[in-house]
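Q: Before I ask anything, let me first share the structure, which is written out below as structure tokens.
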Amino acid sequence: MRAFNKDMDEGPYILLYPDCSEVVNVPGSEKPFTLAEYKKDLGKAYARITLFICLEKHFRGGDDTSDSDSEIVITSRSTAKFNQADTVIENAASVDALREMTMRHSTMLQTAGCLRHVASVEEKKGIVSDYLQWYIIGRNSSVIDRFKEGLSALQFLNALQQHPTLLAPVLCHSEKRLTALELERLFKPDLSPPGSNRRLGESQTLGYWADYLLDCEGL
């Protein structure tokens with residue numbers, strides 16, 4: 001670093017995002033940071049990417065010297081806290097609180113393409129909506145594309161697009177309670193010939209199985 005600028009203090013230095021969180025992973029993921037991956041997620045040219053460098057002792061709080069009475073504390077932020085951005089923004093009760101939350105999570109919102117100046121608290125709904133759109137779909141676009149390619153086999157994707165309501169019960173989660181009868185129908189026993197001693201024992205076992213399913217259904 002000093003070879004580039006001899007006026008800089010001796011390191012070590014660390015890299016920071018615009019919201020002063022430490023650069024470790026690509027925002028919103030567990031992928032180790034690389035400039036190429038960050039540029040890809042950010043969707044901006046290299047010239048428009050902003051990062052900062054900071055002495056590690058300042059970031060870790062190990063430097064006790066100060067030229068003023070004020071104290072500046074910079075803390076690192078984990079991926080888990082990045083993922084809480086939509087919740088804290090949605091809970092903002094005033095314009096000032098909303099602005100504070102957007103600045104606190106500016107790196108994530110900038111990556112999602114929804115960082116903007118807010119003039120009213122109602123704008124939080126649009127920010128959260130845009131953020132969730134990016135978080136669920138935008139950042140997973142390559143995975144979704146590969147999934148769609150897989151569904152295209154045997155024309156299943158076309159069938160899904162043409163008959164979404166028909167296939168929804170098969171592909172989407174439902175709160176419908178699974179009954180004993182439905183579970184029993186999932187299995188087809190391979191029974192011995194009728195009249196044999198083994199068949200008699202199997203019939204008793206099937207009766208016990210049905211009773212067990214009914215008991216579980218009542219829990």
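Letters A, B, ... mark the chains of the structure tokens in the order given; residue numbers begin at 1 per chain; ligand numbers begin at 1, in order shown.
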What's the 9 Å shell around region 136-146 of chain A, counting only C-alpha atoms, without same-chain residues fewer than 5 positions away, as a ChimeraX atom specification?
A: /A:28,41,112,131,151
Q: Check the smallest atom-to-atom distance from each of A:Ile89, A:Ala36, A:Leu178, A:Leu16 to Glu123 (chain A) using only C-alpha atoms, then report the winner.
A: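 Once distances to Glu123 (chain A) are computed over only C-alpha atoms, the minimum belongs to A:Ile89.
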Q: Might you pull out every residue within 10 Å of region 204-209 of chain A, with only C-alpha atoms counted and same-chain residues fewer than 6 positions away left off, and present them as number ranges by chain?
A: A: 180, 184, 189, 215
Q: Keeping only N, CA and C atoms, write those residues as a tab-separated table (two decimals), in the first residue's frame.
A:
chain	number	residue	atom	x	y	z
A	180	ALA	N	-54.73	-40.33	7.70
A	180	ALA	CA	-54.27	-41.72	7.78
A	180	ALA	C	-54.59	-42.47	6.49
A	184	GLU	N	-51.93	-44.21	4.01
A	184	GLU	CA	-52.04	-45.65	3.78
A	184	GLU	C	-52.05	-45.96	2.28
A	189	PRO	N	-48.82	-52.94	-0.37
A	189	PRO	CA	-48.12	-54.12	0.17
A	189	PRO	C	-48.03	-55.25	-0.85
A	215	ASP	N	-54.01	-43.63	15.05
A	215	ASP	CA	-53.55	-43.05	16.32
A	215	ASP	C	-52.71	-41.80	16.06
Q: How many Å lie between CA of Leu213 (chain A) and CA of Arg185 (chain A), rounded to one decimal?
A: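 Result for CA of Leu213 (chain A) versus CA of Arg185 (chain A): 11.4 Å, one decimal.
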Q: May I have all residues of region 3-212 of chain A that DSSP, computed from the backbone, assigns to alpha helix (DSSP H), given as a ChimeraX atom specification?
A: /A:35-42,56-60,79-82,85-90,95-104,106-112,123-136,141-151,156-162,164-171,180-185,197-212
Q: CA of Trp134 (chain A) and CA of Phe147 (chain A), how far apart in Å?
A: 17.4 Å
Q: Quick one: contact table of region 80-152 of chain A to region 45-53 of chain A, 12 Å max, nearest atom pair and distance in Å to one decimal per residue, counting only C-alpha atoms, chain and number order, as a Markdown table?
A:
| residue | atom | partner | partner_atom | distance |
| --- | --- | --- | --- | --- |
| A:Ser106 | CA | A:Thr50 | CA | 11.7 |
| A:Thr107 | CA | A:Thr50 | CA | 9.8 |
| A:Gln110 | CA | A:Ile49 | CA | 10.1 |
| A:Thr111 | CA | A:Ile49 | CA | 10.2 |
Q: Measure the distance from CA of Arg60 (chain A) to CA of Arg104 (chain A) in Å and round it to one decimal.
A: 18.6 Å
Q: With only C-alpha atoms as the counted atoms, please give the residues lying no more than 9 Å from Leu15 (chain A), apart from itself and same-chain residues fewer than 3 positions off, as number ranges by chain.
A: A: 20-24, 51-55
Q: Since we have the selection now, will you write its residues out, keeping N, CA and C atoms, as a short mmCIF file (atom, residue, chain, number, x, y, z; two decimals), in the first residue's frame?
A:
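The result, stored in selection14.cif:
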data_model
loop_
_atom_site.label_atom_id
_atom_site.label_comp_id
_atom_site.auth_asym_id
_atom_site.auth_seq_id
_atom_site.Cartn_x
_atom_site.Cartn_y
_atom_site.Cartn_z
N CYS A 20 -19.38 0.90 5.92
CA CYS A 20 -18.31 0.68 6.91
C CYS A 20 -18.31 -0.72 7.51
N SER A 21 -18.95 -1.68 6.86
CA SER A 21 -18.83 -3.07 7.29
C SER A 21 -17.64 -3.70 6.57
N GLU A 22 -17.01 -4.65 7.23
CA GLU A 22 -15.79 -5.25 6.69
C GLU A 22 -16.09 -6.12 5.48
N VAL A 23 -15.24 -6.05 4.49
CA VAL A 23 -15.38 -6.88 3.30
C VAL A 23 -14.83 -8.27 3.62
N VAL A 24 -15.74 -9.22 3.71
CA VAL A 24 -15.36 -10.62 3.93
C VAL A 24 -16.02 -11.49 2.87
N LEU A 51 -15.38 1.29 -2.65
CA LEU A 51 -14.92 0.58 -1.46
C LEU A 51 -13.94 1.48 -0.72
N PHE A 52 -13.73 1.21 0.55
CA PHE A 52 -12.83 2.03 1.36
C PHE A 52 -11.78 1.15 2.01
N ILE A 53 -10.64 1.76 2.33
CA ILE A 53 -9.62 1.05 3.08
C ILE A 53 -9.47 1.73 4.44
N CYS A 54 -9.13 0.94 5.43
CA CYS A 54 -9.05 1.45 6.80
C CYS A 54 -7.95 0.70 7.53
N LEU A 55 -7.23 1.42 8.38
CA LEU A 55 -6.26 0.74 9.22
C LEU A 55 -6.96 -0.27 10.11
#
